[in-house]
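Visitor: upload36.txt is the file, holding compact mmCIF, C-alpha atoms:
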```
# COMPACT_ATOMS: atom_id res chain seq x y z
CA MET A 1126 -146.60 38.67 -125.85
CA LYS A 1127 -144.73 36.07 -123.85
CA LEU A 1128 -145.58 35.95 -120.15
CA THR A 1129 -144.05 33.93 -117.36
CA ALA A 1130 -146.06 31.34 -115.45
CA PRO A 1131 -146.44 33.60 -112.33
CA GLN A 1132 -147.62 36.48 -114.51
CA THR A 1133 -150.18 34.30 -116.29
CA ALA A 1134 -151.38 32.89 -112.97
CA ALA A 1135 -151.75 36.45 -111.62
CA LEU A 1136 -153.89 37.45 -114.60
CA ARG A 1137 -156.12 34.42 -114.09
CA LEU A 1138 -156.44 35.21 -110.40
CA ILE A 1139 -157.56 38.78 -111.17
CA HIS A 1140 -160.05 37.51 -113.76
CA GLU A 1141 -161.53 34.79 -111.54
CA THR A 1142 -161.75 36.96 -108.39
CA PRO A 1143 -162.96 40.32 -109.69
CA GLY A 1144 -162.76 43.13 -107.17
CA ARG A 1145 -160.87 41.04 -104.62
CA VAL A 1146 -157.20 41.41 -105.70
CA ALA A 1147 -155.69 44.42 -103.95
CA ALA A 1148 -153.20 46.76 -105.68
CA ARG A 1149 -150.00 47.91 -104.02
CA VAL A 1150 -147.76 49.46 -106.70
CA ASN A 1151 -150.28 52.20 -107.35
CA GLY A 1152 -150.21 53.57 -103.86
CA GLY A 1153 -151.89 50.83 -101.86
CA SER A 1154 -150.14 48.80 -99.18
CA GLY A 1155 -150.93 46.48 -96.33
CA CYS A 1156 -152.93 43.31 -95.85
CA TRP A 1157 -156.71 43.22 -96.17
CA ILE A 1158 -158.87 40.39 -94.92
CA GLY A 1159 -160.63 38.63 -97.78
CA PHE A 1160 -158.47 40.22 -100.50
CA ARG A 1161 -155.65 38.63 -102.48
CA THR A 1162 -152.33 40.36 -103.17
CA LEU A 1163 -149.77 39.56 -105.84
CA HIS A 1164 -146.01 39.52 -105.53
CA HIS A 1165 -144.92 43.14 -105.88
CA ARG A 1166 -142.57 42.41 -108.80
CA THR A 1167 -145.24 40.45 -110.69
CA GLU A 1168 -147.77 43.20 -110.10
CA ALA A 1169 -145.32 45.92 -111.16
CA ARG A 1170 -144.51 44.06 -114.38
CA LEU A 1171 -148.18 43.57 -115.27
CA VAL A 1172 -148.82 47.28 -114.71
CA GLU A 1173 -145.77 48.12 -116.84
CA LEU A 1174 -147.14 45.97 -119.67
CA ALA A 1175 -150.55 47.65 -119.30
CA LEU A 1176 -152.23 44.30 -118.68
CA VAL A 1177 -153.83 45.38 -115.40
CA GLU A 1178 -154.99 48.65 -113.93
CA THR A 1179 -156.36 49.97 -110.70
CA ALA A 1180 -160.14 50.22 -110.61
CA PRO A 1181 -161.22 53.87 -110.37
CA ASP A 1182 -163.71 53.12 -107.60
CA ALA A 1183 -162.07 51.85 -104.38
CA ILE A 1184 -163.67 49.02 -102.45
CA THR A 1185 -164.32 49.26 -98.74
CA SER A 1186 -162.94 46.29 -96.83
CA ASN A 1187 -164.52 44.73 -93.78
CA GLU A 1188 -162.06 46.70 -91.63
CA GLY A 1189 -163.40 50.00 -92.90
CA GLY A 1190 -160.34 50.94 -95.01
CA GLU A 1191 -160.32 51.88 -98.69
CA VAL A 1192 -158.73 49.08 -100.71
CA PRO A 1193 -157.50 49.81 -104.27
CA VAL A 1194 -158.14 46.74 -106.40
CA LEU A 1195 -156.77 45.50 -109.71
CA ARG A 1196 -158.70 44.66 -112.84
CA LEU A 1197 -157.73 43.45 -116.30
CA THR A 1198 -157.33 45.81 -119.19
CA ALA A 1199 -158.31 44.95 -122.76
CA ALA A 1200 -154.72 43.81 -123.33
CA GLY A 1201 -154.95 41.64 -120.23
CA TYR A 1202 -158.05 39.87 -121.54
CA GLU A 1203 -156.31 39.42 -124.89
CA ALA A 1204 -153.25 37.93 -123.16
CA LEU A 1205 -155.53 35.34 -121.54
CA GLY A 1206 -157.36 34.65 -124.80
CA ILE A 1207 -160.65 35.92 -123.37
CA THR A 1208 -162.99 38.37 -125.03
CA ALA A 1209 -162.98 41.62 -123.08
CA PRO A 1210 -166.40 42.76 -121.81
CA ALA A 1211 -167.97 45.77 -123.47
CA PRO A 1212 -167.66 49.15 -121.68
CA GLY A 1213 -170.03 49.22 -118.74
CA GLU A 1214 -170.63 45.48 -118.95
CA GLU A 1215 -169.67 43.31 -116.01
CA PRO A 1216 -167.62 40.18 -116.78
CA ALA A 1217 -169.80 37.10 -116.97
CA ALA A 1218 -169.73 35.00 -113.82
CA PRO A 1219 -168.33 31.50 -114.24
CA ALA A 1220 -170.86 28.72 -114.65
CA ALA A 1221 -171.81 26.71 -111.60
CA GLU A 1222 -169.88 23.68 -112.82
CA ASP A 1223 -166.70 25.62 -113.58
CA VAL A 1224 -163.44 25.04 -111.82
CA LEU A 1225 -162.31 28.14 -109.96
CA GLY A 1226 -158.93 29.38 -108.84
CA LEU A 1227 -158.67 29.68 -105.06
CA CYS A 1228 -155.28 30.29 -103.47
CA ILE A 1229 -155.07 29.16 -99.85
CA SER A 1230 -152.49 30.87 -97.69
CA ASP A 1231 -149.67 29.02 -95.97
CA GLY A 1232 -150.98 30.29 -92.64
CA PHE A 1233 -154.30 28.51 -93.04
CA ARG A 1234 -152.66 25.30 -94.26
CA ILE A 1235 -150.52 25.23 -91.12
CA THR A 1236 -153.52 26.03 -88.93
CA TYR A 1237 -155.64 23.35 -90.60
CA ALA A 1238 -152.90 20.72 -90.30
CA ASP A 1239 -152.41 21.45 -86.59
CA GLU A 1240 -156.06 21.62 -85.65
CA ILE A 1241 -157.92 18.96 -87.63
CA GLY A 1242 -155.92 17.80 -90.66
CA GLU A 1243 -155.12 14.28 -89.43
CA THR A 1244 -158.74 13.74 -88.38
CA HIS A 1245 -160.00 14.56 -91.88
CA LEU A 1246 -157.32 12.41 -93.51
CA ASP A 1247 -158.64 9.35 -91.65
CA ALA A 1248 -162.31 10.37 -91.84
CA GLU A 1249 -164.94 8.20 -93.47
CA SER A 1250 -166.50 11.30 -95.06
CA ALA A 1251 -165.57 11.69 -98.73
CA THR A 1252 -166.07 15.47 -98.65
CA TYR A 1253 -163.71 15.89 -95.68
CA ARG A 1254 -161.03 13.91 -97.48
CA LEU A 1255 -161.51 15.99 -100.64
CA VAL A 1256 -161.13 19.18 -98.61
CA TRP A 1257 -157.99 17.75 -96.97
CA GLU A 1258 -156.52 16.90 -100.38
CA HIS A 1259 -157.23 20.37 -101.76
CA VAL A 1260 -155.79 22.23 -98.78
CA THR A 1261 -152.68 20.16 -98.15
CA THR A 1262 -151.57 19.81 -101.79
CA ASN A 1263 -151.51 23.59 -102.31
CA ARG A 1264 -153.89 23.14 -105.21
CA VAL A 1265 -155.34 26.28 -106.80
CA ALA A 1266 -158.05 24.81 -109.04
CA ILE A 1267 -161.13 23.83 -107.04
CA PRO A 1268 -164.61 22.73 -108.20
CA ARG A 1269 -167.28 25.24 -107.28
CA TRP A 1270 -169.35 22.69 -105.37
CA LEU A 1271 -166.44 22.05 -102.97
CA LEU A 1272 -166.47 25.69 -101.81
CA GLY A 1273 -169.38 25.04 -99.47
CA HIS A 1274 -167.68 22.14 -97.71
CA LEU A 1275 -164.46 24.15 -97.53
CA ALA A 1276 -166.40 27.00 -95.89
CA ASP A 1277 -167.79 24.55 -93.33
CA VAL A 1278 -164.29 23.33 -92.54
CA VAL A 1279 -162.84 26.84 -92.26
CA SER A 1280 -165.63 27.79 -89.86
CA LEU A 1281 -164.89 24.69 -87.76
CA VAL A 1282 -161.15 25.47 -87.72
CA ALA A 1283 -161.93 29.03 -86.65
CA ASP A 1284 -163.98 27.71 -83.70
CA LEU A 1285 -161.14 25.38 -82.71
CA VAL A 1286 -158.68 28.27 -82.82
CA GLU A 1287 -160.90 30.29 -80.49
CA ASP A 1288 -161.05 27.36 -78.05
CA ALA A 1289 -157.28 26.76 -78.14
CA GLN A 1290 -156.50 28.71 -74.99
CA GLU A 1291 -153.10 27.01 -74.64
CA LEU A 1292 -151.76 28.80 -77.74
CA ALA A 1293 -149.85 32.04 -77.44
CA SER A 1294 -151.87 35.18 -78.15
CA ASP A 1295 -149.85 36.14 -81.24
CA THR A 1296 -150.20 32.62 -82.67
CA ARG A 1297 -153.96 32.67 -82.12
CA ALA A 1298 -154.17 36.08 -83.79
CA LEU A 1299 -152.31 34.86 -86.90
CA ARG A 1300 -154.45 31.73 -87.12
CA ARG A 1301 -157.63 33.72 -86.61
CA GLN A 1302 -156.58 36.08 -89.41
CA SER A 1303 -155.83 33.20 -91.82
CA CYS A 1304 -159.33 31.78 -91.24
CA ALA A 1305 -160.93 35.20 -91.70
CA GLU A 1306 -159.10 35.81 -94.98
CA LEU A 1307 -160.20 32.48 -96.45
CA LEU A 1308 -163.79 32.96 -95.27
CA GLY A 1309 -163.75 36.37 -96.99
CA LEU A 1310 -162.63 34.82 -100.27
CA LEU A 1311 -165.28 32.10 -100.03
CA PHE A 1312 -167.97 34.67 -99.23
CA HIS A 1313 -166.93 36.57 -102.35
CA HIS A 1314 -167.70 33.43 -104.37
CA GLY A 1315 -171.04 33.11 -102.60
CA ALA A 1316 -170.07 30.21 -100.34
CA ARG A 1317 -170.86 30.55 -96.65
CA PRO A 1318 -170.65 28.11 -93.75
CA TRP A 1319 -173.71 25.97 -93.33
CA PRO A 1320 -176.22 27.28 -90.75
CA ILE A 1321 -175.68 25.38 -87.52
CA THR A 1322 -178.92 25.87 -85.61
CA GLY A 1323 -181.62 23.45 -86.73
CA HIS A 1324 -179.92 22.36 -89.95
CA GLY A 1325 -177.30 19.78 -89.02
CA THR A 1326 -174.62 19.23 -91.66
CA ARG A 1327 -174.57 20.20 -95.31
CA PRO A 1328 -176.57 17.58 -97.28
CA LEU A 1329 -174.95 15.46 -99.97
CA ASP A 1330 -177.99 14.88 -102.17
CA GLY A 1331 -178.51 18.50 -103.23
CA VAL A 1332 -182.05 18.65 -101.78
CA ALA A 1333 -183.03 21.53 -99.49
CA HIS A 1334 -185.27 20.70 -96.56
CA CYS A 1335 -186.42 24.30 -96.02
CA GLU A 1336 -186.34 27.71 -97.70
CA ASP A 1337 -183.66 28.99 -95.29
CA CYS A 1338 -181.08 26.45 -96.41
CA ALA A 1339 -181.94 26.47 -100.13
CA PRO A 1340 -179.28 29.09 -101.04
CA PHE A 1341 -176.56 26.78 -99.68
CA ILE A 1342 -177.52 23.70 -101.70
CA GLY A 1343 -175.61 24.82 -104.80
CA TYR A 1344 -172.38 24.05 -102.95
CA ALA A 1345 -173.31 20.52 -101.88
CA ALA A 1346 -171.29 17.66 -103.29
CA PRO A 1347 -172.84 16.05 -106.40
CA VAL A 1348 -174.19 12.55 -105.92
CA ASP A 1349 -171.93 11.13 -108.64
CA VAL A 1350 -168.83 12.48 -106.86
CA ILE A 1351 -169.86 10.87 -103.58
CA ALA A 1352 -170.66 7.61 -105.39
CA ALA A 1353 -167.26 7.65 -107.09
CA GLU A 1354 -165.52 8.22 -103.75
CA ALA A 1355 -167.55 5.41 -102.15
CA ALA A 1356 -166.63 3.05 -105.00
CA GLU A 1357 -162.96 3.96 -104.61
CA ASP A 1358 -163.17 3.38 -100.85
CA LYS A 1359 -164.75 -0.03 -101.41
CA MET A 1360 -162.10 -0.99 -103.94
CA ARG A 1361 -159.34 0.12 -101.55
CA THR A 1362 -160.93 -1.81 -98.67
CA ASP A 1363 -161.25 -4.94 -100.81
CA GLU A 1364 -157.62 -4.67 -101.90
CA GLU A 1365 -156.44 -4.23 -98.32
CA GLY A 1366 -158.54 -7.19 -97.19
CA ALA A 1367 -157.23 -9.39 -100.00
CA TYR A 1368 -153.66 -8.41 -99.18
CA ALA A 1369 -154.18 -9.10 -95.47
CA ALA A 1370 -155.65 -12.54 -96.26
CA LYS A 1371 -152.77 -13.33 -98.62
CA LEU A 1372 -150.20 -12.24 -96.02
CA ALA A 1373 -151.89 -14.32 -93.30
CA ALA A 1374 -151.87 -17.38 -95.59
CA GLN A 1375 -148.16 -16.88 -96.28
CA LEU A 1376 -147.42 -16.58 -92.57
CA ARG A 1377 -149.36 -19.78 -91.84
CA THR A 1378 -147.43 -21.60 -94.55
CA VAL A 1379 -144.10 -20.44 -93.12
CA GLU A 1380 -145.17 -21.44 -89.60
CA GLU A 1381 -146.18 -24.92 -90.79
CA GLU A 1382 -142.83 -25.41 -92.54
CA ILE A 1383 -140.81 -24.26 -89.51
CA ALA A 1384 -142.91 -26.34 -87.10
CA ALA A 1385 -142.43 -29.41 -89.28
CA THR A 1386 -138.65 -28.89 -89.30
CA TYR A 1387 -137.89 -27.73 -85.74
CA GLY A 1388 -140.86 -28.95 -83.73
CA GLU A 1389 -144.36 -27.96 -82.71
CA HIS A 1390 -143.01 -25.52 -80.10
CA MET A 1391 -142.11 -23.18 -83.02
CA ARG A 1392 -145.59 -21.72 -83.26
CA ALA A 1393 -146.97 -18.39 -82.12
CA GLY A 1394 -148.29 -18.58 -78.55
CA GLN A 1395 -146.21 -21.58 -77.48
CA VAL A 1396 -144.24 -21.48 -74.21
CA VAL A 1397 -140.62 -22.49 -74.83
CA SER A 1398 -137.29 -22.70 -73.05
CA TYR A 1399 -134.71 -20.18 -74.27
CA ALA A 1400 -131.02 -20.79 -73.61
CA ASN A 1401 -129.68 -17.33 -72.81
CA PRO A 1402 -126.16 -17.11 -74.34
CA ASP A 1403 -125.12 -14.39 -71.84
CA THR A 1404 -125.98 -16.28 -68.65
CA GLY A 1405 -125.99 -19.86 -69.93
CA LYS A 1406 -129.28 -20.47 -68.16
CA ALA A 1407 -132.58 -21.60 -69.64
CA GLU A 1408 -135.39 -19.07 -69.36
CA PRO A 1409 -139.07 -19.58 -70.17
CA ALA A 1410 -140.45 -17.43 -72.97
CA VAL A 1411 -143.50 -17.09 -75.21
CA VAL A 1412 -143.17 -17.28 -79.00
CA GLN A 1413 -144.65 -14.19 -80.67
CA SER A 1414 -143.95 -15.06 -84.33
CA VAL A 1415 -141.75 -17.31 -86.46
CA TYR A 1416 -140.09 -16.49 -89.77
CA TYR A 1417 -137.07 -17.14 -91.97
CA ARG A 1418 -134.16 -14.89 -91.05
CA ALA A 1419 -132.12 -16.04 -94.04
CA PRO A 1420 -132.48 -18.79 -96.63
CA GLY A 1421 -132.66 -22.04 -94.67
CA GLU A 1422 -132.32 -20.31 -91.25
CA ALA A 1423 -135.44 -19.99 -89.11
CA GLY A 1424 -135.89 -17.51 -86.31
CA ALA A 1425 -138.52 -16.35 -83.87
CA ASP A 1426 -139.55 -13.29 -81.90
CA ILE A 1427 -140.05 -14.21 -78.24
CA LEU A 1428 -141.18 -12.45 -75.09
CA LEU A 1429 -139.22 -13.31 -71.95
CA VAL A 1430 -140.84 -13.56 -68.53
CA THR A 1431 -139.13 -10.27 -67.67
CA GLY A 1432 -141.22 -8.57 -70.38
CA GLN A 1433 -138.22 -8.03 -72.66
CA PRO A 1434 -138.65 -8.99 -76.35
CA ALA A 1435 -135.90 -10.73 -78.28
CA GLY A 1436 -135.25 -12.10 -81.74
CA VAL A 1437 -133.48 -15.48 -81.64
CA ARG A 1438 -132.58 -18.41 -83.87
CA ALA A 1439 -134.71 -21.52 -83.88
CA GLN A 1440 -131.79 -23.59 -82.54
CA GLU A 1441 -131.81 -21.55 -79.31
CA LEU A 1442 -135.38 -22.59 -78.46
CA GLU A 1443 -136.51 -25.90 -77.04
CA PRO A 1444 -139.86 -27.25 -75.86
CA LEU A 1445 -140.61 -26.49 -72.23
CA PRO A 1446 -139.74 -29.58 -70.14
CA PRO A 1447 -142.88 -31.35 -68.90
CA LEU A 1448 -143.70 -30.91 -65.24
CA PRO A 1449 -143.08 -34.01 -63.09
CA ASP A 1450 -146.06 -36.07 -62.06
CA MET A 1451 -146.34 -35.36 -58.36
CA GLY A 1452 -149.27 -37.71 -57.82
CA GLU A 1453 -151.90 -36.60 -55.28
CA LEU A 1454 -151.43 -34.08 -52.52
CA ILE A 1455 -151.72 -35.43 -48.97
CA GLU A 1456 -153.62 -32.79 -47.03
CA GLY A 1457 -152.05 -31.65 -43.77
CA ARG A 1458 -148.75 -33.53 -44.26
CA TRP A 1459 -145.35 -31.91 -44.90
CA LEU A 1460 -142.01 -33.26 -46.07
CA ILE A 1461 -139.04 -31.89 -44.12
CA THR A 1462 -135.55 -32.11 -45.71
CA ASP A 1463 -132.12 -30.62 -45.11
CA LYS A 1464 -130.53 -28.09 -47.44
CA ALA A 1465 -129.10 -30.90 -49.57
CA GLY A 1466 -132.59 -32.38 -50.16
CA GLU A 1467 -132.19 -35.42 -47.92
CA GLU A 1468 -135.47 -36.40 -46.27
CA LEU A 1469 -135.51 -35.91 -42.49
CA ALA A 1470 -139.15 -36.37 -41.47
CA GLN A 1471 -142.82 -36.28 -42.45
CA VAL A 1472 -144.95 -34.27 -40.03
CA ASP A 1473 -148.50 -33.01 -39.68
CA GLY A 1474 -149.47 -29.35 -39.87
CA THR A 1475 -152.08 -27.09 -41.42
CA THR A 1476 -149.44 -24.48 -42.23
CA ARG A 1477 -145.74 -24.51 -43.00
CA GLU A 1478 -144.96 -22.84 -39.66
CA GLU A 1479 -146.82 -25.52 -37.71
CA ALA A 1480 -145.02 -28.29 -39.64
CA LEU A 1481 -141.57 -26.76 -38.97
CA ALA A 1482 -142.39 -26.29 -35.28
CA ALA A 1483 -143.43 -29.96 -35.03
CA ALA A 1484 -140.32 -31.11 -36.91
CA ARG A 1485 -137.94 -29.23 -34.62
CA ARG A 1486 -139.07 -31.43 -31.74
CA ILE A 1487 -137.21 -34.32 -33.46
CA PRO A 1488 -133.50 -34.44 -32.41
CA ALA A 1489 -132.23 -35.44 -35.90
CA VAL A 1490 -134.09 -32.50 -37.45
CA ARG A 1491 -132.70 -30.06 -34.90
CA ALA A 1492 -129.15 -31.36 -35.58
CA ALA A 1493 -129.56 -30.93 -39.35
CA ALA A 1494 -130.93 -27.43 -38.89
CA ALA A 1495 -127.96 -26.47 -36.71
CA ARG A 1496 -125.54 -28.02 -39.22
CA ASP A 1497 -126.99 -26.43 -42.39
CA GLY A 1498 -128.36 -23.25 -40.86
CA GLY A 1499 -131.95 -24.11 -41.73
CA LEU A 1500 -134.41 -26.62 -43.16
CA ALA A 1501 -136.38 -27.14 -46.37
CA SER A 1502 -140.06 -28.05 -46.44
CA ARG A 1503 -142.89 -28.62 -48.92
CA PRO A 1504 -146.31 -30.32 -48.99
CA LEU A 1505 -146.26 -34.12 -49.08
CA TRP A 1506 -147.34 -35.96 -52.25
CA THR A 1507 -148.05 -39.63 -52.85
CA SER A 1508 -144.99 -39.79 -55.10
CA ASP A 1509 -142.84 -39.03 -52.03
CA LEU A 1510 -144.30 -42.05 -50.25
CA ALA A 1511 -143.68 -44.30 -53.26
CA ARG A 1512 -140.10 -43.15 -53.59
CA THR A 1513 -139.26 -43.60 -49.92
CA SER A 1514 -141.05 -46.90 -49.28
```
As structure tokens, please, write out the structure in this file.

Guide:
Amino acid sequence: MKLTAPQTAALRLIHETPGRVAARVNGGSGCWIGFRTLHHRTEARLVELALVETAPDAITSNEGGEVPVLRLTAAGYEALGITAPAPGEEPAAPAAEDVLGLCISDGFRITYADEIGETHLDAESATYRLVWEHVTTNRVAIPRWLLGHLADVVSLVADLVEDAQELASDTRALRRQSCAELLGLLFHHGARPWPITGHGTRPLDGVAHCEDCAPFIGYAAPVDVIAAEAAEDKMRTDEEGAYAAKLAAQLRTVEEEIAATYGEHMRAGQVVSYANPDTGKAEPAVVQSVYYRAPGEAGADILLVTGQPAGVRAQELEPLPPLPDMGELIEGRWLITDKAGEELAQVDGTTREEALAAARRIPAVRAAAARDGGLASRPLWTSDLARTS
């Protein structure tokens, strides 16, 4: 008998989750927390081929309703290549190390991604990252030991949903239902959230510290899995560090070449003079980085004094002109000039206002102020005395 992939997957789901796949074509309908349902066409075809049947004894859900569930017939076991159990014999439970089939609903994936997905993606915990990978990749096969950590995460997401008061009531109800359904499936497999009070987090070494937590240890991550994840993390960290060191060395080499060609001002952190092509004026700027824009053409990213970044060519940057040597400041003396910069007088004063008031007593200064509409003044330096002697 040739079955399609969805039909084969449905048979495996019924086999791996006995008593938890609800029937609809045989009279049942609705959505039950903790139970799985198949696509109605897939279910109808399996019933038509006599591969599945409704269990004669209904199961009571956690909402108090009677839920008709599907089970495999002898033909269904044969289609999967599995020996059918004898009449009255329960199917053997999968071994503890088996890989199970666990379908996670789209509703929980969306809830998980919105509530805590990014945090687990960047987490240092290997188990959190493994849970993130399983949930977000829509993977069905899951190792049995990961069920416990998944139950812990679902419980945490459920608490976050309850605390998310900013969400609309219908959104919270849908997210709450998605968490409840997944917790029901995990409980069917024997996995429950780790006890919070007095127990901390689920251990990774598989050792129970008391009799109360011993039943949960079977779902702790094996030591070899954690060691493999730690080794992979170390290898990734080493590769990232080696790449960062290689990139830094390449950047230093480029900076040395550009500085040797265009000048020492072409280094990160140097203050330069940038000739603005729009205004034609020179503006001070700080070099952020240097690089080759094209073969043989160097460029730089600069930050102007206005806070605006810019990418320019190396030819547009020049070293900042050195400040003139003003000599030594003469305390309490001021140089008074007209608007054209011609020296008018040298006066005493502790402040600029006092110096201007003293200068205005001089007739030549008053005449220049009336002619130009004002005066110019600055502290007196020894270089002014040398220039005017």

Visitor: Quick one, how far is CA of Ile1351 in chain A from CA of Ala1305 in chain A?

Guide: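 That distance, rounded to one decimal, is 28.5 Å.
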
Visitor: For CA of Gly1432 in chain A and CA of Glu1389 in chain A, quote the distance in Å rounded to one decimal.

Guide: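 So the two atoms, CA of Gly1432 in chain A and CA of Glu1389 in chain A, lie 23.2 Å apart.
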
Visitor: Considering all atoms listed in the file, return as a PyMOL selection string whatever protein or nucleic-acid residues lie within 10 Å of Leu1171 in chain A, sequence-local ones (same chain, fewer than 3 positions apart) excluded.

Guide: chain A and resi 1128+1132-1133+1135-1136+1165-1168+1174-1178+1197+1201

Visitor: For a test of reading the model, state the distance in Å between CA of Gly1242 in chain A and CA of Asp1363 in chain A, rounded to one decimal.

Guide: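 Atom-to-atom, CA of Gly1242 in chain A to CA of Asp1363 in chain A, that is 25.5 Å.
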
Visitor: What lies within 8 Å of Phe1160 in chain A using all atoms listed in the file, ignoring chain neighbours under 6 positions off, as a tab-separated table (two decimals) with C-alpha atoms, in the coordinates of the input?

Guide:
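Listed below is the output, selection.tsv:
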```tsv
chain	number	residue	atom	x	y	z
A	1145	ARG	CA	-160.87	41.04	-104.62
A	1146	VAL	CA	-157.20	41.41	-105.70
A	1147	ALA	CA	-155.69	44.42	-103.95
A	1306	GLU	CA	-159.10	35.81	-94.98
A	1309	GLY	CA	-163.75	36.37	-96.99
A	1310	LEU	CA	-162.63	34.82	-100.27
```

Visitor: I'd like to know which of A:Gly1206, A:Gly1436, A:Pro1318, A:Gly1452 is closest to Asn1401 in chain A, using all atoms listed in the file.

Guide: A:Gly1436

Visitor: Contacts of Ser1508 in chain A at 8 Å or less, counting all atoms listed in the file, minus same-chain residues fewer than 6 places along, as a JSON list (two decimals) with C-alpha atoms, in the frame of the given file?

Guide:
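Written output follows (out18.json):
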```json
[["chain", "number", "residue", "atom", "x", "y", "z"],
["A", 1450, "ASP", "CA", -146.06, -36.07, -62.06],
["A", 1451, "MET", "CA", -146.34, -35.36, -58.36],
["A", 1452, "GLY", "CA", -149.27, -37.71, -57.82],
["A", 1453, "GLU", "CA", -151.90, -36.60, -55.28]]
```

Visitor: Between A:Leu1469, A:Val1412, A:His1164, A:Arg1149, which is the closest to Pro1488 in chain A once you count all atoms listed in the file?

Guide: A:Leu1469

Visitor: Using only C-alpha atoms, which protein or nucleic acid residues come within 9 Å of Leu1275 in chain A? Drop anything in the same chain fewer than 2 positions from it, and give the result as a list in words.

Guide: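 That gives Thr1252, Tyr1253, Val1256, Val1260, Leu1271, Leu1272, Gly1273, Asp1277, Val1278, Val1279, Ser1280, Leu1311, Ala1316 and Pro1318 of chain A.
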
Visitor: With a distance cut-off of 7 Å and only C-alpha atoms, select the neighbouring residues of Gly1226 in chain A, excluding the residue or stretch itself and same-chain residues fewer than 3 positions from it, and output the selection as a ChimeraX atom specification.

Guide: /A:1138,1141,1265-1267

Visitor: Around the point (-145.3, -33.1, -52.2) in the file's coordinates, collect all residues with an atom within 8 Å, using all atoms listed in the file, and return them as an MDAnalysis selection string.

Guide: chainID A and resid 1451 1454:1455 1459:1460 1503:1509

Visitor: Select, from A:Ile1461, A:Tyr1399, A:Arg1317, A:Pro1447, the residue with the minimum atom-to-atom distance to Ile1342 in chain A, counting all atoms listed in the file.

Guide: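 Nearest candidate to Ile1342 in chain A out of A:Ile1461, A:Tyr1399, A:Arg1317, A:Pro1447: A:Arg1317.
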